[in-house]
>>> print(open('query.cif').read())   # mmCIF, C-alpha atoms
data_my_file
#
loop_
_atom_site.label_atom_id
_atom_site.label_comp_id
_atom_site.auth_asym_id
_atom_site.auth_seq_id
_atom_site.Cartn_x
_atom_site.Cartn_y
_atom_site.Cartn_z
CA MET O 1 97.30 88.65 103.78
CA LEU O 2 98.54 85.44 105.40
CA LEU O 3 100.46 87.13 108.21
CA GLU O 4 99.43 90.48 109.72
CA ILE O 5 101.68 91.93 112.42
CA ASP O 6 100.60 95.24 113.93
CA ASN O 7 102.39 97.52 116.41
CA LEU O 8 104.49 94.70 117.87
CA CYS O 9 106.56 95.66 120.92
CA LEU O 10 108.88 93.67 123.18
CA SER O 11 111.37 94.99 125.73
CA PHE O 12 114.12 93.30 127.71
CA GLY O 13 114.62 95.59 130.68
CA GLY O 14 115.23 99.02 129.17
CA LEU O 15 116.07 97.64 125.71
CA LYS O 16 113.31 97.79 123.12
CA ALA O 17 114.07 94.70 121.06
CA THR O 18 110.95 95.20 118.93
CA ASN O 19 109.59 98.72 118.75
CA ASP O 20 106.12 99.22 117.22
CA VAL O 21 106.74 96.97 114.21
CA THR O 22 104.00 96.52 111.62
CA MET O 23 104.37 94.09 108.72
CA HIS O 24 101.71 92.57 106.45
CA MET O 25 102.73 89.63 104.27
CA GLU O 26 100.90 88.06 101.34
CA GLU O 27 100.57 84.31 100.99
CA LYS O 28 102.61 82.36 98.44
CA LYS O 29 105.35 84.99 98.40
CA ILE O 30 108.94 85.08 99.60
CA ASN O 31 109.27 87.84 102.19
CA GLY O 32 112.76 88.82 103.35
CA ILE O 33 113.89 90.56 106.52
CA ILE O 34 117.28 92.27 106.57
CA GLY O 35 119.10 94.48 109.01
CA PRO O 36 122.45 94.81 110.79
CA ASN O 37 123.46 92.62 113.72
CA GLY O 38 121.34 93.49 116.74
CA ALA O 39 118.49 94.83 114.62
CA GLY O 40 116.02 92.44 116.29
CA LYS O 41 115.46 89.98 113.43
CA THR O 42 115.69 86.73 115.40
CA THR O 43 113.74 88.27 118.31
CA PHE O 44 111.04 89.12 115.78
CA PHE O 45 111.01 85.48 114.59
CA ASN O 46 110.82 84.31 118.20
CA GLN O 47 107.63 86.29 118.73
CA ILE O 48 105.97 84.92 115.61
CA SER O 49 106.87 81.33 116.58
CA GLY O 50 105.85 81.70 120.22
CA VAL O 51 109.26 81.59 121.88
CA TYR O 52 108.65 85.12 123.21
CA LYS O 53 105.31 86.69 124.06
CA PRO O 54 105.02 90.30 122.82
CA ASP O 55 104.44 93.04 125.38
CA SER O 56 101.85 94.59 123.08
CA GLY O 57 100.60 94.49 119.51
CA SER O 58 99.04 91.63 117.58
CA ILE O 59 100.04 88.76 115.30
CA VAL O 60 97.27 87.40 113.08
CA PHE O 61 98.00 84.30 111.01
CA ASP O 62 95.53 83.00 108.45
CA GLY O 63 92.80 85.09 110.08
CA LYS O 64 93.46 84.01 113.70
CA ARG O 65 95.31 85.70 116.57
CA ILE O 66 98.39 83.70 117.53
CA ASP O 67 100.38 86.08 119.74
CA GLY O 68 100.59 84.55 123.19
CA LEU O 69 100.15 80.95 121.98
CA LYS O 70 102.76 78.32 122.82
CA PRO O 71 105.23 77.22 120.11
CA PHE O 72 103.56 73.84 119.57
CA GLN O 73 100.18 75.53 119.13
CA ILE O 74 101.64 77.90 116.55
CA ASN O 75 103.22 74.96 114.73
CA GLU O 76 99.87 73.17 114.72
CA ALA O 77 98.30 76.34 113.27
CA GLY O 78 100.61 76.06 110.25
CA ILE O 79 103.90 77.86 110.99
CA ALA O 80 107.24 76.03 110.94
CA ARG O 81 110.71 77.46 111.47
CA THR O 82 114.42 76.78 111.34
CA TYR O 83 117.03 78.29 113.64
CA GLN O 84 120.14 80.41 113.24
CA VAL O 85 122.08 77.74 115.14
CA ILE O 86 121.44 74.26 113.71
CA ASN O 87 119.08 72.42 116.04
CA LEU O 88 118.97 68.78 114.89
CA PHE O 89 118.91 65.51 116.80
CA LYS O 90 122.39 64.67 115.58
CA LYS O 91 122.56 61.10 116.92
CA MET O 92 119.25 60.18 115.30
CA SER O 93 119.04 59.20 111.66
CA VAL O 94 118.20 61.74 108.97
CA ILE O 95 114.78 60.18 108.33
CA GLU O 96 113.98 60.13 112.07
CA ASN O 97 114.70 63.86 112.25
CA VAL O 98 112.20 64.45 109.44
CA MET O 99 109.57 62.25 111.07
CA VAL O 100 109.89 64.25 114.30
CA GLY O 101 108.69 67.25 112.32
CA MET O 102 105.48 65.39 111.42
CA HIS O 103 104.41 64.95 115.03
CA PRO O 104 101.74 67.74 115.05
CA ARG O 105 99.95 66.05 112.12
CA LEU O 106 100.01 62.45 113.39
CA LYS O 107 96.76 61.03 114.78
CA ALA O 108 97.95 57.90 116.59
CA ARG O 109 97.88 58.40 120.36
CA PHE O 110 99.74 57.05 123.37
CA PHE O 111 97.96 53.71 123.60
CA ASP O 112 98.20 53.17 119.84
CA SER O 113 101.98 53.52 120.13
CA LEU O 114 102.11 51.45 123.31
CA LEU O 115 100.17 48.59 121.71
CA HIS O 116 101.83 49.13 118.33
CA ASN O 117 98.47 48.41 116.73
CA LYS O 118 97.46 48.54 113.06
CA LYS O 119 96.53 52.23 113.23
CA GLN O 120 99.97 53.12 114.57
CA LYS O 121 101.80 50.84 112.11
CA ASP O 122 99.93 52.20 109.09
CA GLU O 123 100.50 55.80 110.12
CA GLU O 124 104.19 55.21 110.79
CA GLU O 125 104.63 53.65 107.36
CA LYS O 126 102.90 56.60 105.68
CA ALA O 127 105.06 59.00 107.67
CA ARG O 128 108.22 57.14 106.66
CA GLN O 129 107.27 57.28 102.98
CA LYS O 130 106.45 60.98 103.23
CA ALA O 131 109.82 61.58 104.91
CA LEU O 132 111.61 59.76 102.07
CA ASP O 133 109.72 61.83 99.50
CA LEU O 134 110.74 65.07 101.26
CA LEU O 135 114.36 63.95 101.45
CA ASP O 136 114.22 63.15 97.74
CA PHE O 137 112.84 66.66 97.16
CA VAL O 138 116.02 68.23 98.60
CA GLY O 139 118.47 65.60 97.38
CA LEU O 140 119.14 63.92 100.73
CA ARG O 141 117.36 60.59 100.25
CA GLU O 142 120.61 58.63 99.99
CA PHE O 143 121.46 59.75 103.54
CA ALA O 144 118.08 58.75 105.02
CA TYR O 145 119.46 56.12 107.41
CA THR O 146 122.73 57.82 108.36
CA GLN O 147 123.20 59.87 111.51
CA ALA O 148 122.18 63.50 111.04
CA GLY O 149 125.42 64.65 112.68
CA SER O 150 127.47 63.05 109.91
CA LEU O 151 126.04 65.32 107.22
CA SER O 152 127.99 68.31 105.96
CA TYR O 153 127.05 71.71 107.39
CA GLY O 154 125.13 72.66 104.26
CA GLN O 155 123.28 69.34 104.25
CA GLN O 156 122.29 69.83 107.90
CA ARG O 157 120.83 73.20 106.94
CA LEU O 158 118.76 71.48 104.26
CA LEU O 159 117.64 68.82 106.74
CA GLU O 160 116.34 71.53 109.07
CA ILE O 161 114.28 72.94 106.21
CA VAL O 162 112.93 69.47 105.39
CA ARG O 163 111.97 68.90 109.02
CA GLY O 164 110.06 72.18 108.92
CA LEU O 165 108.25 71.16 105.74
CA ALA O 166 107.30 67.83 107.32
CA SER O 167 104.62 69.54 109.43
CA ASP O 168 102.82 70.71 106.25
CA PRO O 169 103.12 74.43 107.08
CA LYS O 170 101.43 77.29 105.29
CA LEU O 171 104.34 79.50 106.36
CA ILE O 172 107.96 78.58 107.05
CA LEU O 173 110.34 80.93 108.88
CA LEU O 174 113.95 80.48 107.77
CA ASP O 175 116.57 82.01 110.07
CA GLU O 176 119.80 82.46 108.09
CA PRO O 177 119.50 79.24 106.04
CA ALA O 178 122.53 80.14 103.90
CA ALA O 179 124.89 80.61 106.87
CA GLY O 180 128.00 78.49 106.37
CA MET O 181 127.06 77.44 102.84
CA ASN O 182 129.50 77.71 99.96
CA SER O 183 128.62 79.49 96.71
CA THR O 184 127.36 76.32 95.00
CA GLU O 185 125.14 75.42 97.95
CA LYS O 186 123.70 78.94 97.97
CA VAL O 187 122.72 78.63 94.31
CA GLU O 188 121.05 75.30 95.11
CA LEU O 189 119.27 76.92 98.07
CA ASN O 190 117.94 79.66 95.80
CA VAL O 191 116.43 77.00 93.54
CA LEU O 192 115.04 75.07 96.50
CA LEU O 193 113.29 78.12 97.95
CA ARG O 194 111.51 78.70 94.66
CA GLN O 195 110.48 75.04 94.57
CA ILE O 196 109.10 75.31 98.12
CA LEU O 197 107.09 78.34 97.02
CA GLU O 198 105.70 76.32 94.11
CA ARG O 199 104.40 73.80 96.67
CA GLY O 200 102.21 76.59 98.08
CA VAL O 201 104.31 77.36 101.16
CA THR O 202 104.84 81.03 101.99
CA ILE O 203 108.40 81.89 103.08
CA LEU O 204 109.67 84.46 105.55
CA ILE O 205 113.46 84.55 105.54
CA VAL O 206 116.12 86.32 107.58
CA GLU O 207 119.49 86.29 105.88
CA HIS O 208 122.72 88.30 105.76
CA ASP O 209 123.60 87.29 102.20
CA MET O 210 122.36 90.38 100.37
CA LYS O 211 122.71 88.89 96.89
CA LEU O 212 120.55 85.92 97.83
CA MET O 213 117.96 88.16 99.45
CA MET O 214 117.74 90.51 96.50
CA ASP O 215 117.50 87.58 94.06
CA ILE O 216 114.88 85.56 95.92
CA SER O 217 112.58 88.00 97.73
CA ASP O 218 109.31 89.36 96.41
CA ARG O 219 109.24 91.92 99.22
CA ILE O 220 111.84 92.98 101.77
CA PHE O 221 111.39 94.48 105.23
CA VAL O 222 114.29 96.28 106.91
CA LEU O 223 114.74 96.31 110.69
CA ASN O 224 117.13 98.62 112.52
CA TYR O 225 117.39 98.90 116.33
CA GLY O 226 114.12 97.01 116.68
CA LYS O 227 112.12 99.33 114.41
CA LYS O 228 110.96 98.87 110.84
CA LEU O 229 113.09 101.18 108.76
CA ALA O 230 111.65 100.43 105.32
CA GLU O 231 109.78 97.94 103.16
CA GLY O 232 109.44 97.44 99.44
CA THR O 233 110.59 95.43 96.45
CA PRO O 234 114.27 94.52 96.24
CA GLU O 235 114.75 97.30 93.71
CA GLU O 236 113.14 99.86 96.01
CA ILE O 237 115.18 98.72 99.01
CA GLN O 238 118.46 98.93 97.06
CA LYS O 239 117.69 102.56 96.19
CA ASN O 240 116.36 103.61 99.61
CA PRO O 241 118.79 106.19 101.07
CA GLU O 242 117.92 105.33 104.69
CA VAL O 243 118.67 101.67 104.08
CA ILE O 244 121.91 102.53 102.31
CA ALA O 245 122.99 104.65 105.27
CA ALA O 246 121.92 102.27 108.03
CA TYR O 247 122.67 98.88 106.50
CA LEU O 248 124.67 99.03 103.29
CA GLY O 249 127.20 101.56 104.62
CA GLY O 250 126.51 104.44 102.25
CA ASP O 251 125.78 108.11 102.96
CA ASP O 252 122.27 109.31 103.63
CA GLU O 253 122.12 112.47 101.56
#
>>> encode(input="query.cif", output="structure tokens")
Amino acid sequence: MLLEIDNLCLSFGGLKATNDVTMHMEEKKINGIIGPNGAGKTTFFNQISGVYKPDSGSIVFDGKRIDGLKPFQINEAGIARTYQVINLFKKMSVIENVMVGMHPRLKARFFDSLLHNKKQKDEEEKARQKALDLLDFVGLREFAYTQAGSLSYGQQRLLEIVRGLASDPKLILLDEPAAGMNSTEKVELNVLLRQILERGVTILIVEHDMKLMMDISDRIFVLNYGKKLAEGTPEEIQKNPEVIAAYLGGDDE
């Protein structure tokens, strides 16, 4: 298991945003999380990525406890993420946004940058080439030197994914990557996610597009009111009466 989450709890006042959630996720798989609005999906992501510290429970990533670590420490450990609301540096160029994502892996230090010495120049050139290769991977290379804010909404979503990949993660958390995409872009996203998996990166995805989730996921976890309602293959989840009642709008009989 790459990610082992056990008995995770987090409350905001009297509201239990995460209530005794346990999820174990294999590496090199696409794991999906679904649930209605307010189910606690993004809050769950925020605990894995260090934005929130759990009240209790544990998060073990690649054999090491990470609950309670700061976001930059968790990123350095090998977890990257995107956000439900696009969070780019929109006045910076596309390639600069990607290079920002490489920061945890760069070795040049303050004085190297201040002196702009050979070590810093060589590393910057390697980072720039890597950024171009990643942009080529998602079909954005032609926009490398344009402002990120000038990209279409779907392209900005792709750029966020690329920036996450730039830190060489073992696991990437994708928070509603298909939001705002048209049908063609969603098909392209489906292909891209499989290509990311082929690069050895495990994926944990929150998404409201049920067709995409059922097509792409190896395993799906269902959250409802902060609790894990069910887990299983897409086929098992589609047939689960509790899921049908709570999420898909059917009758639990």
>>> residues_near_point(input="query.cif", point="(116.0, 57.5, 104.9)", cutoff="6 Å", atoms="all atoms listed in the file", output="JSON, numbers by chain")
{"O": [95, 132, 141, 144, 145]}
>>> closest_residue(input="query.cif", among="O:Glu4, O:Asp215, O:Asp209, O:Glu242", to="O:Ile34", atoms="all atoms listed in the file")
O:Asp209
>>> resolve_selection(input="query.cif", expression="the PyMOL selection byres ((chain O and resi 131) around 10)", output="list in words")
Val94, Ile95, Glu96, Asn97, Val98, Met99, Val100, Gly101, Met102, Glu125, Lys126, Ala127, Arg128, Gln129, Lys130, Leu132, Asp133, Leu134, Leu135, Asp136, Phe137, Arg141, Ala144, Val162, Arg163, Leu165 and Ala166 of chain O
>>> resolve_selection(input="query.cif", expression="the PyMOL selection byres ((chain O and resi 214) around 10)", output="ChimeraX atom specification")
/O:32,209-213,215-220,233-235,237-238
>>> atom_distance(input="query.cif", atom1="atom CA of O:Ala39", atom2="atom CA of O:Gly164")
24.8 Å
>>> atom_distance(input="query.cif", atom1="atom CA of O:Asn224", atom2="atom CA of O:Pro36")
6.8 Å
>>> resolve_selection(input="query.cif", expression="the PyMOL selection byres ((chain O and resi 79) around 10)", output="list in words")
Ile48, Ser49, Phe61, Pro71, Phe72, Gln73, Ile74, Asn75, Glu76, Ala77, Gly78, Ala80, Arg81, Gly164, Leu165, Ser167, Asp168, Pro169, Lys170, Leu171, Ile172, Leu173, Val201, Thr202 and Ile203 of chain O
>>> atom_distance(input="query.cif", atom1="atom CA of O:Asn190", atom2="atom CA of O:Pro177")
10.4 Å
>>> closest_residue(input="query.cif", among="O:Asn87, O:Lys227, O:Glu236, O:Gly63", to="O:Leu8", atoms="all atoms listed in the file")
O:Lys227
>>> residues_near_point(input="query.cif", point="(118.9, 72.0, 105.4)", cutoff="12 Å", atoms="all atoms listed in the file", output="PyMOL selection string")
chain O and resi 81-88+94+97-98+134-135+137-140+148+151-165+174-181+185-186+188-189+192-193
>>> residues_around(input="query.cif", residues="O:Gly35", least_positions_apart="5", cutoff="10 Å", atoms="all atoms listed in the file", output="list in words")
Gly40, Lys41, Val206, Glu207, His208, Phe221, Val222, Leu223, Asn224, Tyr225, Gly226, Lys228, Leu229, Val243, Ala246, Tyr247 and Leu248 of chain O
>>> decode(input="query.cif", residues="stretch 105-188 of chain O", atoms="C-alpha atoms", output="PDB file, in the first residue's frame")
ATOM      1  CA  ARG O 105      13.691  19.071  -6.010  1.00  0.00           C
ATOM      2  CA  LEU O 106      16.143  21.875  -6.853  1.00  0.00           C
ATOM      3  CA  LYS O 107      19.517  21.849  -5.091  1.00  0.00           C
ATOM      4  CA  ALA O 108      20.822  25.348  -5.783  1.00  0.00           C
ATOM      5  CA  ARG O 109      20.628  27.516  -2.670  1.00  0.00           C
ATOM      6  CA  PHE O 110      20.257  31.208  -1.873  1.00  0.00           C
ATOM      7  CA  PHE O 111      23.849  32.224  -2.568  1.00  0.00           C
ATOM      8  CA  ASP O 112      23.949  30.175  -5.779  1.00  0.00           C
ATOM      9  CA  SER O 113      20.956  32.160  -7.026  1.00  0.00           C
ATOM     10  CA  LEU O 114      22.351  35.435  -5.714  1.00  0.00           C
ATOM     11  CA  LEU O 115      25.682  34.914  -7.480  1.00  0.00           C
ATOM     12  CA  HIS O 116      24.020  33.270 -10.485  1.00  0.00           C
ATOM     13  CA  ASN O 117      26.926  30.839 -10.577  1.00  0.00           C
ATOM     14  CA  LYS O 118      27.480  27.828 -12.840  1.00  0.00           C
ATOM     15  CA  LYS O 119      25.648  25.456 -10.489  1.00  0.00           C
ATOM     16  CA  GLN O 120      22.566  27.664 -10.542  1.00  0.00           C
ATOM     17  CA  LYS O 121      22.718  28.242 -14.318  1.00  0.00           C
ATOM     18  CA  ASP O 122      23.086  24.541 -15.107  1.00  0.00           C
ATOM     19  CA  GLU O 123      20.240  23.573 -12.798  1.00  0.00           C
ATOM     20  CA  GLU O 124      17.962  26.275 -14.196  1.00  0.00           C
ATOM     21  CA  GLU O 125      18.623  25.099 -17.743  1.00  0.00           C
ATOM     22  CA  LYS O 126      17.831  21.486 -16.801  1.00  0.00           C
ATOM     23  CA  ALA O 127      14.661  22.637 -15.056  1.00  0.00           C
ATOM     24  CA  ARG O 128      13.602  24.638 -18.107  1.00  0.00           C
ATOM     25  CA  GLN O 129      14.108  21.653 -20.400  1.00  0.00           C
ATOM     26  CA  LYS O 130      12.194  19.386 -18.032  1.00  0.00           C
ATOM     27  CA  ALA O 131       9.355  21.933 -17.942  1.00  0.00           C
ATOM     28  CA  LEU O 132       9.228  21.992 -21.754  1.00  0.00           C
ATOM     29  CA  ASP O 133       9.128  18.189 -21.849  1.00  0.00           C
ATOM     30  CA  LEU O 134       6.212  18.136 -19.373  1.00  0.00           C
ATOM     31  CA  LEU O 135       4.338  20.776 -21.356  1.00  0.00           C
ATOM     32  CA  ASP O 136       4.898  18.695 -24.480  1.00  0.00           C
ATOM     33  CA  PHE O 137       3.494  15.694 -22.586  1.00  0.00           C
ATOM     34  CA  VAL O 138       0.134  17.467 -22.115  1.00  0.00           C
ATOM     35  CA  GLY O 139       0.115  19.375 -25.402  1.00  0.00           C
ATOM     36  CA  LEU O 140       0.857  22.834 -23.993  1.00  0.00           C
ATOM     37  CA  ARG O 141       4.410  23.376 -25.222  1.00  0.00           C
ATOM     38  CA  GLU O 142       3.369  25.977 -27.800  1.00  0.00           C
ATOM     39  CA  PHE O 143       2.073  28.151 -24.947  1.00  0.00           C
ATOM     40  CA  ALA O 144       5.260  27.886 -22.850  1.00  0.00           C
ATOM     41  CA  TYR O 145       6.103  31.596 -22.945  1.00  0.00           C
ATOM     42  CA  THR O 146       2.584  33.026 -22.817  1.00  0.00           C
ATOM     43  CA  GLN O 147       0.913  34.237 -19.630  1.00  0.00           C
ATOM     44  CA  ALA O 148      -0.834  31.429 -17.757  1.00  0.00           C
ATOM     45  CA  GLY O 149      -3.939  33.596 -17.363  1.00  0.00           C
ATOM     46  CA  SER O 150      -4.411  33.721 -21.128  1.00  0.00           C
ATOM     47  CA  LEU O 151      -4.987  29.972 -21.413  1.00  0.00           C
ATOM     48  CA  SER O 152      -8.479  28.557 -21.736  1.00  0.00           C
ATOM     49  CA  TYR O 153     -10.083  27.168 -18.584  1.00  0.00           C
ATOM     50  CA  GLY O 154      -9.406  23.589 -19.632  1.00  0.00           C
ATOM     51  CA  GLN O 155      -5.785  24.392 -20.471  1.00  0.00           C
ATOM     52  CA  GLN O 156      -5.311  26.011 -17.055  1.00  0.00           C
ATOM     53  CA  ARG O 157      -6.568  22.799 -15.477  1.00  0.00           C
ATOM     54  CA  LEU O 158      -3.943  20.869 -17.445  1.00  0.00           C
ATOM     55  CA  LEU O 159      -1.253  23.347 -16.396  1.00  0.00           C
ATOM     56  CA  GLU O 160      -2.091  22.732 -12.735  1.00  0.00           C
ATOM     57  CA  ILE O 161      -1.621  19.006 -13.306  1.00  0.00           C
ATOM     58  CA  VAL O 162       1.712  19.634 -15.041  1.00  0.00           C
ATOM     59  CA  ARG O 163       2.895  21.822 -12.170  1.00  0.00           C
ATOM     60  CA  GLY O 164       2.045  18.975  -9.797  1.00  0.00           C
ATOM     61  CA  LEU O 165       3.989  16.481 -11.913  1.00  0.00           C
ATOM     62  CA  ALA O 166       6.991  18.824 -11.949  1.00  0.00           C
ATOM     63  CA  SER O 167       7.838  17.872  -8.350  1.00  0.00           C
ATOM     64  CA  ASP O 168       8.274  14.205  -9.384  1.00  0.00           C
ATOM     65  CA  PRO O 169       5.540  12.903  -7.056  1.00  0.00           C
ATOM     66  CA  LYS O 170       4.776   9.293  -6.257  1.00  0.00           C
ATOM     67  CA  LEU O 171       1.162  10.331  -5.635  1.00  0.00           C
ATOM     68  CA  ILE O 172      -0.832  13.185  -7.141  1.00  0.00           C
ATOM     69  CA  LEU O 173      -4.129  14.375  -5.646  1.00  0.00           C
ATOM     70  CA  LEU O 174      -6.489  15.791  -8.267  1.00  0.00           C
ATOM     71  CA  ASP O 175      -9.394  17.853  -6.917  1.00  0.00           C
ATOM     72  CA  GLU O 176     -12.110  18.007  -9.600  1.00  0.00           C
ATOM     73  CA  PRO O 177      -9.734  18.243 -12.601  1.00  0.00           C
ATOM     74  CA  ALA O 178     -12.615  17.947 -15.091  1.00  0.00           C
ATOM     75  CA  ALA O 179     -14.587  20.879 -13.645  1.00  0.00           C
ATOM     76  CA  GLY O 180     -15.423  23.336 -16.418  1.00  0.00           C
ATOM     77  CA  MET O 181     -14.109  21.093 -19.194  1.00  0.00           C
ATOM     78  CA  ASN O 182     -16.146  20.334 -22.285  1.00  0.00           C
ATOM     79  CA  SER O 183     -16.796  16.773 -23.472  1.00  0.00           C
ATOM     80  CA  THR O 184     -13.753  16.703 -25.782  1.00  0.00           C
ATOM     81  CA  GLU O 185     -11.448  17.959 -23.029  1.00  0.00           C
ATOM     82  CA  LYS O 186     -12.792  15.309 -20.660  1.00  0.00           C
ATOM     83  CA  VAL O 187     -11.961  12.560 -23.141  1.00  0.00           C
ATOM     84  CA  GLU O 188      -8.444  13.999 -23.453  1.00  0.00           C
TER      85      GLU O 188
END
